[in-house]
Every structure is written in structure tokens, then in C-alpha cells.
$ cat start-v4.csv   # CSV, C-alpha atoms
chain,number,residue,atom,x,y,z
A,1404,MET,CA,96.6,56.0,59.6
A,1405,GLY,CA,93.6,57.3,61.5
A,1406,PRO,CA,93.1,61.0,62.2
A,1407,VAL,CA,95.4,62.6,64.8
A,1408,PRO,CA,93.4,63.2,68.0
A,1409,THR,CA,93.1,66.8,69.0
A,1410,GLU,CA,93.0,68.1,72.5
A,1411,ALA,CA,89.4,69.0,73.5
A,1412,PRO,CA,89.0,72.7,74.3
A,1413,ALA,CA,89.0,73.5,78.0
A,1414,VAL,CA,85.5,73.6,79.4
A,1415,PRO,CA,85.0,75.8,82.5
A,1416,THR,CA,83.9,73.9,85.5
A,1417,PRO,CA,80.4,74.7,86.8
A,1418,THR,CA,81.8,76.9,89.6
A,1419,SER,CA,84.4,78.8,87.6
A,1420,ALA,CA,82.0,80.9,85.6
A,1421,PRO,CA,80.0,82.1,88.7
A,1422,ARG,CA,83.2,82.8,90.5
A,1423,ALA,CA,84.5,84.9,87.6
A,1424,ARG,CA,81.2,86.8,87.4
A,1425,GLY,CA,81.3,87.3,91.2
A,1426,ALA,CA,84.8,88.8,90.9
A,1427,ARG,CA,83.7,91.1,88.1
A,1428,ARG,CA,80.8,92.3,90.2
A,1429,VAL,CA,83.0,93.1,93.1
A,1430,GLU,CA,85.4,94.9,90.8
A,1431,ARG,CA,82.6,97.0,89.3
A,1432,LEU,CA,81.3,97.7,92.9
A,1433,CYS,CA,84.8,98.9,93.9
A,1434,HIS,CA,85.3,101.0,90.8
A,1435,THR,CA,81.9,102.7,91.3
A,1436,THR,CA,82.5,103.2,95.0
A,1437,GLY,CA,85.9,104.7,94.4
A,1438,ALA,CA,84.5,107.1,91.8
A,1439,LEU,CA,81.8,108.2,94.1
A,1440,LEU,CA,84.3,108.8,96.9
A,1441,VAL,CA,86.4,110.9,94.5
A,1442,LEU,CA,83.3,112.9,93.5
A,1443,SER,CA,82.4,113.4,97.1
A,1444,GLY,CA,85.9,114.9,97.8
A,1445,LEU,CA,85.6,117.2,94.8
A,1446,ALA,CA,82.1,118.3,95.8
A,1447,HIS,CA,83.5,119.3,99.2
A,1448,LEU,CA,86.1,121.4,97.4
A,1449,LEU,CA,83.2,123.4,96.0
A,1450,VAL,CA,81.7,123.6,99.5
A,1451,PHE,CA,85.0,125.0,100.8
A,1452,ALA,CA,85.1,127.5,98.0
A,1453,VAL,CA,81.6,128.7,99.0
A,1454,ASP,CA,81.7,128.4,102.8
A,1455,GLY,CA,85.4,129.3,103.3
A,1456,GLY,CA,87.1,128.7,106.6
A,1457,PRO,CA,90.5,127.4,107.4
A,1458,TRP,CA,92.1,124.8,105.1
A,1459,ASP,CA,94.4,123.4,107.8
A,1460,GLY,CA,93.5,122.3,111.3
A,1461,PRO,CA,91.4,119.5,112.9
A,1462,VAL,CA,88.2,121.2,111.7
A,1463,SER,CA,88.2,122.1,108.0
A,1464,TRP,CA,86.8,121.2,104.7
A,1465,ARG,CA,90.2,119.9,103.7
A,1466,LYS,CA,89.6,116.6,105.4
A,1467,PRO,CA,86.5,115.4,103.4
A,1468,VAL,CA,88.2,116.7,100.2
A,1469,THR,CA,91.6,115.0,100.7
A,1470,PHE,CA,90.2,111.8,102.3
A,1471,GLY,CA,87.5,111.4,99.7
A,1472,VAL,CA,89.8,111.8,96.8
A,1473,SER,CA,92.6,109.8,98.3
A,1474,PHE,CA,90.4,106.9,99.5
A,1475,GLY,CA,88.6,106.8,96.2
A,1476,VAL,CA,91.8,106.7,94.1
A,1477,THR,CA,93.3,104.1,96.4
A,1478,LEU,CA,90.3,101.9,96.2
A,1479,ILE,CA,90.3,102.0,92.4
A,1480,ALA,CA,94.1,101.5,92.3
A,1481,VAL,CA,94.1,98.5,94.7
A,1482,THR,CA,91.2,96.9,92.8
A,1483,TRP,CA,93.2,97.1,89.5
A,1484,VAL,CA,96.6,96.2,90.9
A,1485,THR,CA,95.3,93.1,92.8
A,1486,SER,CA,94.2,91.7,89.5
A,1487,TYR,CA,97.8,90.9,88.8
A,1488,LEU,CA,98.2,89.0,92.1
A,1489,ARG,CA,98.2,85.3,92.3
A,1490,VAL,CA,95.4,85.0,94.9
A,1491,GLY,CA,92.2,83.0,94.9
A,1492,THR,CA,89.2,84.6,93.3
A,1493,ARG,CA,87.0,84.3,96.3
A,1494,LEU,CA,89.6,85.6,98.7
A,1495,ARG,CA,90.4,88.6,96.5
A,1496,ALA,CA,86.7,89.4,96.1
A,1497,LEU,CA,86.1,89.1,99.9
A,1498,LEU,CA,89.1,91.3,100.7
A,1499,LEU,CA,88.1,93.9,98.1
A,1500,ALA,CA,84.5,94.0,99.4
A,1501,VAL,CA,85.7,94.6,103.0
A,1502,PHE,CA,88.2,97.2,101.8
A,1503,ALA,CA,85.6,99.1,99.9
A,1504,ALA,CA,83.1,99.0,102.8
A,1505,ASP,CA,85.9,100.3,105.1
A,1506,CYS,CA,86.8,103.1,102.7
A,1507,VAL,CA,83.1,104.2,102.8
A,1508,VAL,CA,83.0,104.1,106.6
A,1509,GLU,CA,86.3,106.2,106.9
A,1510,VAL,CA,85.2,108.9,104.4
A,1511,GLY,CA,81.6,108.9,105.7
A,1512,GLY,CA,82.8,109.4,109.3
A,1513,ILE,CA,85.2,112.2,108.4
A,1514,THR,CA,82.6,113.9,106.2
A,1515,LEU,CA,79.9,113.7,108.9
A,1516,GLN,CA,82.2,115.3,111.5
A,1517,ALA,CA,83.2,118.1,109.0
A,1518,TRP,CA,79.5,119.0,108.5
A,1519,ARG,CA,79.0,118.9,112.3
A,1520,GLY,CA,82.0,121.3,112.7
A,1521,VAL,CA,84.0,119.0,115.0
A,1522,PRO,CA,87.2,117.1,114.6
A,1523,SER,CA,86.9,113.6,113.1
A,1524,HIS,CA,89.9,112.0,114.7
A,1525,LEU,CA,91.1,112.0,118.3
A,1526,ASP,CA,87.9,113.8,119.5
A,1527,MET,CA,86.6,112.4,122.8
A,1528,GLU,CA,84.5,115.4,123.8
A,1529,THR,CA,81.1,113.6,123.7
A,1530,PRO,CA,80.1,109.9,123.6
A,1531,PHE,CA,79.0,110.3,120.0
A,1532,ASP,CA,82.3,111.9,119.0
A,1533,THR,CA,84.2,109.2,120.8
A,1534,ALA,CA,82.3,106.6,119.0
A,1535,VAL,CA,83.1,108.2,115.6
A,1536,SER,CA,86.8,108.6,116.5
A,1537,MET,CA,87.1,105.0,117.7
A,1538,THR,CA,85.2,103.7,114.6
A,1539,LEU,CA,87.7,105.6,112.4
A,1540,ALA,CA,90.6,104.2,114.4
A,1541,VAL,CA,89.3,100.6,114.1
A,1542,GLY,CA,88.6,101.2,110.4
A,1543,GLY,CA,92.2,102.3,110.0
A,1544,GLY,CA,93.3,99.0,111.6
A,1545,VAL,CA,91.1,97.0,109.1
A,1546,LEU,CA,92.7,98.9,106.2
A,1547,VAL,CA,96.2,98.0,107.5
A,1548,VAL,CA,95.2,94.3,107.7
A,1549,MET,CA,93.6,94.2,104.2
A,1550,LEU,CA,96.5,96.0,102.4
A,1551,THR,CA,99.1,94.0,104.3
A,1552,VAL,CA,97.6,90.8,103.2
A,1553,PHE,CA,97.7,92.0,99.6
A,1554,ALA,CA,101.4,93.1,100.1
A,1555,VAL,CA,102.3,89.7,101.5
A,1556,VAL,CA,100.7,87.9,98.6
A,1557,SER,CA,102.6,90.1,96.1
A,1558,PHE,CA,105.9,89.0,97.6
A,1559,ARG,CA,105.0,85.3,98.2
A,1560,HIS,CA,103.9,84.8,94.5
A,1561,ARG,CA,105.3,86.7,91.6
A,1562,PRO,CA,102.6,89.0,90.2
A,1563,SER,CA,101.6,88.5,86.6
A,1564,GLY,CA,101.3,91.1,83.9
A,1565,PRO,CA,103.5,92.8,81.3
A,1566,ALA,CA,107.3,93.0,81.7
A,1567,GLY,CA,108.1,95.1,84.8
A,1568,MET,CA,104.7,94.8,86.3
A,1569,ASP,CA,105.9,92.4,89.0
A,1570,LEU,CA,108.6,94.8,90.1
A,1571,ALA,CA,106.2,97.8,90.0
A,1572,VAL,CA,103.5,96.0,92.0
A,1573,ARG,CA,105.9,94.7,94.7
A,1574,SER,CA,107.6,98.1,95.0
A,1575,GLY,CA,104.2,99.8,95.2
A,1576,PHE,CA,103.1,97.6,98.0
A,1577,ALA,CA,106.4,97.8,99.8
A,1578,ILE,CA,106.2,101.6,99.8
A,1579,LEU,CA,102.5,101.4,100.8
A,1580,LEU,CA,103.5,99.6,103.9
A,1581,VAL,CA,105.4,102.7,104.9
A,1582,ALA,CA,102.2,104.7,104.5
A,1583,LEU,CA,100.3,102.2,106.7
A,1584,ALA,CA,103.0,102.3,109.4
A,1585,SER,CA,103.1,106.1,109.5
A,1586,GLY,CA,99.3,106.3,109.6
A,1587,ALA,CA,99.2,103.8,112.5
A,1588,ALA,CA,101.9,105.9,114.3
A,1589,MET,CA,99.8,109.0,113.9
A,1590,ILE,CA,96.7,107.4,115.4
A,1591,ALA,CA,98.6,105.7,118.2
A,1592,ARG,CA,100.4,108.9,119.3
A,1593,GLY,CA,97.3,111.0,119.0
A,1594,VAL,CA,95.2,108.5,121.1
A,1595,VAL,CA,97.9,108.4,123.8
A,1596,LEU,CA,98.0,112.2,124.0
A,1597,THR,CA,94.2,112.5,124.1
A,1598,ARG,CA,93.9,109.9,126.8
A,1599,THR,CA,96.5,111.7,128.9
A,1600,GLY,CA,94.7,115.0,128.7
A,1601,HIS,CA,96.7,116.7,125.9
A,1602,GLN,CA,94.0,117.2,123.3
A,1603,GLU,CA,95.5,120.1,121.5
A,1604,ALA,CA,98.9,118.5,121.3
A,1605,ALA,CA,97.2,115.4,119.9
A,1606,TYR,CA,95.8,117.4,117.0
A,1607,HIS,CA,99.2,118.8,116.2
A,1608,SER,CA,101.2,115.6,116.7
A,1609,THR,CA,100.2,114.2,113.3
A,1610,ALA,CA,101.7,117.1,111.3
A,1611,PRO,CA,105.3,115.8,110.9
A,1612,LEU,CA,104.1,112.4,109.6
A,1613,LYS,CA,101.5,113.7,107.1
A,1614,PRO,CA,104.0,114.3,104.2
A,1615,LEU,CA,105.5,110.8,104.6
A,1616,HIS,CA,102.0,109.2,104.8
A,1617,GLY,CA,100.8,111.1,101.7
A,1618,VAL,CA,103.8,110.5,99.5
A,1619,SER,CA,104.0,106.8,100.2
A,1620,LEU,CA,100.3,106.1,100.0
A,1621,HIS,CA,99.9,106.3,96.2
A,1622,ALA,CA,103.0,104.4,95.0
A,1623,VAL,CA,100.8,101.3,94.5
A,1624,LEU,CA,99.1,103.3,91.8
A,1625,VAL,CA,101.9,105.4,90.3
A,1626,LEU,CA,104.5,102.6,89.8
A,1627,PRO,CA,102.1,99.9,88.3
A,1628,ALA,CA,100.5,102.6,86.1
A,1629,LEU,CA,104.0,103.5,84.8
A,1630,ALA,CA,104.8,99.9,84.1
A,1631,TRP,CA,101.5,99.5,82.2
A,1632,LEU,CA,102.2,102.6,80.1
A,1633,LEU,CA,105.8,101.5,79.3
A,1634,SER,CA,104.5,98.1,78.2
A,1635,ARG,CA,102.5,100.0,75.5
A,1636,THR,CA,105.6,101.7,74.0
A,1637,PRO,CA,107.8,100.3,71.2
A,1638,TRP,CA,110.9,100.7,73.4
A,1639,SER,CA,113.1,97.7,74.2
A,1640,GLU,CA,112.5,95.8,77.5
A,1641,PRO,CA,115.9,96.8,78.9
A,1642,LEU,CA,115.1,100.5,78.3
A,1643,ARG,CA,111.7,100.1,79.9
A,1644,ARG,CA,113.3,98.4,82.9
A,1645,ARG,CA,115.8,101.2,83.3
A,1646,ILE,CA,113.1,103.8,83.3
A,1647,LEU,CA,111.1,101.8,85.8
A,1648,TYR,CA,114.2,101.4,88.1
A,1649,ALA,CA,114.8,105.2,87.9
A,1650,ALA,CA,111.1,105.9,88.8
A,1651,ILE,CA,111.3,103.5,91.7
A,1652,GLY,CA,114.5,105.1,92.9
A,1653,SER,CA,113.1,108.6,92.7
A,1654,TYR,CA,110.0,107.5,94.6
A,1655,VAL,CA,112.1,105.8,97.3
A,1656,THR,CA,114.2,109.0,97.5
A,1657,ALA,CA,111.1,111.1,98.1
A,1658,VAL,CA,109.8,108.7,100.8
A,1659,VAL,CA,113.2,108.7,102.5
A,1660,GLY,CA,113.3,112.5,102.4
A,1661,ALA,CA,109.8,112.8,103.9
A,1662,GLY,CA,110.9,110.2,106.5
A,1663,VAL,CA,114.0,112.2,107.5
A,1664,TRP,CA,111.9,115.4,107.7
A,1665,ALA,CA,109.3,113.6,109.9
A,1666,ALA,CA,112.1,112.3,112.2
A,1667,LEU,CA,113.6,115.8,112.6
A,1668,ALA,CA,110.2,117.5,113.2
A,1669,TYR,CA,108.6,114.8,115.3

$ encode --input "start-v4.csv" --output "C-alpha cells"
Amino acid sequence: MGPVPTEAPAVPTPTSAPRARGARRVERLCHTTGALLVLSGLAHLLVFAVDGGPWDGPVSWRKPVTFGVSFGVTLIAVTWVTSYLRVGTRLRALLLAVFAADCVVEVGGITLQAWRGVPSHLDMETPFDTAVSMTLAVGGGVLVVMLTVFAVVSFRHRPSGPAGMDLAVRSGFAILLVALASGAAMIARGVVLTRTGHQEAAYHSTAPLKPLHGVSLHAVLVLPALAWLLSRTPWSEPLRRRILYAAIGSYVTAVVGAGVWAALAY
């Protein structure tokens, strides 16, 4: 009897390796950009400590601090979490590159206006301020589109990863959609008030929705990170599932609470 034929090892196609390298380059770019945005936010915390001024309000150092840290963490989180999505390499790389560029534009515009001592959003006082405000508004729309595409992909095709990661990723993106909707509502209401001559009211109109927006924004990091940590424990899969279900339930409860408060205060 002749030798049993063995299956030849899979040989990557000529285009697969360049695509993989391209994806890794985009991931490194997003991670580096996210880290720089976080550092920018923390640096402005030092500026606030030295320069002082109000923490709240349309003109304060709070905005470059919170937006820098928040956008940086979100960019890093989305880059990591989307590696579990069943999406084409080129499409994911393109979406991440656009998302990273948009994060830079958003944080850059907000930081620029903070240094100029004028509001970054809903400011139509001069042509330049109007251009910055509208750029940030359009950039917010781009963010909504990018993240919604990733969310839809997560529900159309079951995410990969360790046990529980699929549930964590889908829950994180579902809650993230609440953050996107609340952010869009803040911008829309503020623009309407500004256009109708109620500038001061526009600045204060976003306050009720800020807690809801902030709480729901980072579920896409917290829940998958918990699933990843649980997968590293020796605990049984049913126990890990119960912990993850409890965490998701607690997060949803917090989002619902923030939503009720926003509805009552709106």
C-alpha cells in the first residue's frame, strides 16, 4: 500500500498577506491615534489645573479633557472590538481609518475653540465659528454612520471570540446606539434653538442628555473587556455567563435610569 496522501498546508493567496499587513497598519494607526487623543485630554487637565476657570459651561477646559479622553478610549475600544466582527478586512480597515480621522477632527475642533475661548458647539457668532460648529456637527454624523455600520454587522453575523464575547459585543453595540441617538438629539435640538435665536438656551439644552450619552458611550469597551477577562479565569462557562448577564443587566439599568432622568429634566 502506498503512502497515505496528506493534505498540503494552506498557502496564503498573493493578496491575503498584503491585506493582513494593511489591517495591522490601520490597527496600529488607530491605537496610536487613540493614545495621543487620551494624552491630549490629560494634558488639558493640567492646563485646567494651572489656568483655572469654570469646569462646566460652553467655554471651559472640561471639553478638551473629556472629549480627548473619551474619543481616544472609544477609538482604541472600537478598533479592538471590531476584530471579533465577521467583516471584510478591507471594509473594516476603511471604516476604522475614517473613524480615526473623524475622531481627530472632532477633538481638534473642540480643543481649538477652547484655546480661542469660545464655544465649540452651536456657536454661530462668526463665519469661522460657524464653520467649526458645522464641521463638528457633520463629523458627529459621520461617527453615527461608522458605528452604526459596525453595530449592524455585529447583529447580522455572530461575532467570534471566547465564550460570551458575542453577547458582550452585541450588547455593547446596542447600548452604543443609545449614545449615538442621544448625541444626535443634543446636536439637533441645539441647532434648532440656535437658528431660532435662542443661543443661551441652546447651550443649556444638552445638559439633561449628557449623563445618558456618557453612560451608554463606553459599554462597547466595558462589556467585551469583561467577557475577555472572564475567559481568562478557571470558572465554568455557566458561571461566566451568569456574571456577564448580571453585568449587562446592571449596565442596562444604569442606561434606563439615565434615560428616565433625561426625560424628566428635558

$ closest_residue --input "start-v4.csv" --among "A:Glu1528, A:Val1484, A:Gly1542, A:Leu1499" --to "Arg1573 of chain A" --atoms "all atoms listed in the file"
A:Val1484

$ residues_around --input "start-v4.csv" --residues "Val1468 of chain A" --least-positions-apart "3" --cutoff "9 Å" --atoms "only C-alpha atoms" --output "tab-separated table (two decimals) with C-alpha atoms, keeping the file's coordinate frame"
chain	number	residue	atom	x	y	z
A	1441	VAL	CA	86.40	110.90	94.50
A	1443	SER	CA	82.40	113.40	97.10
A	1444	GLY	CA	85.90	114.90	97.80
A	1445	LEU	CA	85.60	117.20	94.80
A	1446	ALA	CA	82.10	118.30	95.80
A	1447	HIS	CA	83.50	119.30	99.20
A	1448	LEU	CA	86.10	121.40	97.40
A	1451	PHE	CA	85.00	125.00	100.80
A	1464	TRP	CA	86.80	121.20	104.70
A	1465	ARG	CA	90.20	119.90	103.70
A	1471	GLY	CA	87.50	111.40	99.70
A	1472	VAL	CA	89.80	111.80	96.80
A	1473	SER	CA	92.60	109.80	98.30
A	1514	THR	CA	82.60	113.90	106.20

$ atom_distance --input "start-v4.csv" --atom1 "atom CA of Gly1437 of chain A" --atom2 "atom CA of Gly1617 of chain A"
17.8 Å

$ closest_residue --input "start-v4.csv" --among "A:Arg1495, A:Lys1466, A:His1560, A:Arg1592" --to "Ala1540 of chain A" --atoms "all atoms listed in the file"
A:Arg1592

$ residues_around --input "start-v4.csv" --residues "Ser1608 of chain A" --least-positions-apart "5" --cutoff "8 Å" --atoms "only C-alpha atoms" --output "list in words"
Met1589, Arg1592, Gly1593 and Tyr1669 of chain A

$ residues_around --input "start-v4.csv" --residues "segment 1629-1637 of chain A" --least-positions-apart "4" --cutoff "10 Å" --atoms "all atoms listed in the file" --output "list of chain:residue names"
A:Gly1564, A:Pro1565, A:Ala1566, A:Gly1567, A:Met1568, A:Asp1569, A:Leu1570, A:Ala1571, A:Val1572, A:Leu1624, A:Val1625, A:Leu1642, A:Arg1643, A:Arg1644, A:Ile1646, A:Leu1647, A:Ala1650

$ atom_distance --input "start-v4.csv" --atom1 "atom CA of Gly1491 of chain A" --atom2 "atom CA of Ala1426 of chain A"
10.2 Å

$ atom_distance --input "start-v4.csv" --atom1 "atom CA of Trp1518 of chain A" --atom2 "atom CA of Leu1439 of chain A"
18.1 Å

$ residues_around --input "start-v4.csv" --residues "Leu1432 of chain A" --least-positions-apart "6" --cutoff "12 Å" --atoms "all atoms listed in the file" --output "ChimeraX atom specification"
/A:1425-1426,1438-1439,1478-1479,1482,1496,1499-1504,1507

$ residues_around --input "start-v4.csv" --residues "Val1510 of chain A" --least-positions-apart "4" --cutoff "8 Å" --atoms "all atoms listed in the file" --output "PyMOL selection string"
chain A and resi 1440+1467+1470-1471+1474+1506+1514

$ residues_near_point --input "start-v4.csv" --point "(100.1, 89.9, 97.5)" --cutoff "12 Å" --atoms "all atoms listed in the file" --output "PyMOL selection string"
chain A and resi 1481+1484-1491+1494-1495+1498+1549-1563+1569+1572-1577+1623

$ write_last_selection --input "start-v4.csv" --atoms "C-alpha atoms" --output "PDB file, in the coordinates of the input"
ATOM      1  CA  VAL A1481      94.100  98.500  94.700  1.00  0.00           C
ATOM      2  CA  VAL A1484      96.600  96.200  90.900  1.00  0.00           C
ATOM      3  CA  THR A1485      95.300  93.100  92.800  1.00  0.00           C
ATOM      4  CA  SER A1486      94.200  91.700  89.500  1.00  0.00           C
ATOM      5  CA  TYR A1487      97.800  90.900  88.800  1.00  0.00           C
ATOM      6  CA  LEU A1488      98.200  89.000  92.100  1.00  0.00           C
ATOM      7  CA  ARG A1489      98.200  85.300  92.300  1.00  0.00           C
ATOM      8  CA  VAL A1490      95.400  85.000  94.900  1.00  0.00           C
ATOM      9  CA  GLY A1491      92.200  83.000  94.900  1.00  0.00           C
ATOM     10  CA  LEU A1494      89.600  85.600  98.700  1.00  0.00           C
ATOM     11  CA  ARG A1495      90.400  88.600  96.500  1.00  0.00           C
ATOM     12  CA  LEU A1498      89.100  91.300 100.700  1.00  0.00           C
ATOM     13  CA  MET A1549      93.600  94.200 104.200  1.00  0.00           C
ATOM     14  CA  LEU A1550      96.500  96.000 102.400  1.00  0.00           C
ATOM     15  CA  THR A1551      99.100  94.000 104.300  1.00  0.00           C
ATOM     16  CA  VAL A1552      97.600  90.800 103.200  1.00  0.00           C
ATOM     17  CA  PHE A1553      97.700  92.000  99.600  1.00  0.00           C
ATOM     18  CA  ALA A1554     101.400  93.100 100.100  1.00  0.00           C
ATOM     19  CA  VAL A1555     102.300  89.700 101.500  1.00  0.00           C
ATOM     20  CA  VAL A1556     100.700  87.900  98.600  1.00  0.00           C
ATOM     21  CA  SER A1557     102.600  90.100  96.100  1.00  0.00           C
ATOM     22  CA  PHE A1558     105.900  89.000  97.600  1.00  0.00           C
ATOM     23  CA  ARG A1559     105.000  85.300  98.200  1.00  0.00           C
ATOM     24  CA  HIS A1560     103.900  84.800  94.500  1.00  0.00           C
ATOM     25  CA  ARG A1561     105.300  86.700  91.600  1.00  0.00           C
ATOM     26  CA  PRO A1562     102.600  89.000  90.200  1.00  0.00           C
ATOM     27  CA  SER A1563     101.600  88.500  86.600  1.00  0.00           C
ATOM     28  CA  ASP A1569     105.900  92.400  89.000  1.00  0.00           C
ATOM     29  CA  VAL A1572     103.500  96.000  92.000  1.00  0.00           C
ATOM     30  CA  ARG A1573     105.900  94.700  94.700  1.00  0.00           C
ATOM     31  CA  SER A1574     107.600  98.100  95.000  1.00  0.00           C
ATOM     32  CA  GLY A1575     104.200  99.800  95.200  1.00  0.00           C
ATOM     33  CA  PHE A1576     103.100  97.600  98.000  1.00  0.00           C
ATOM     34  CA  ALA A1577     106.400  97.800  99.800  1.00  0.00           C
ATOM     35  CA  VAL A1623     100.800 101.300  94.500  1.00  0.00           C
TER      36      VAL A1623
END
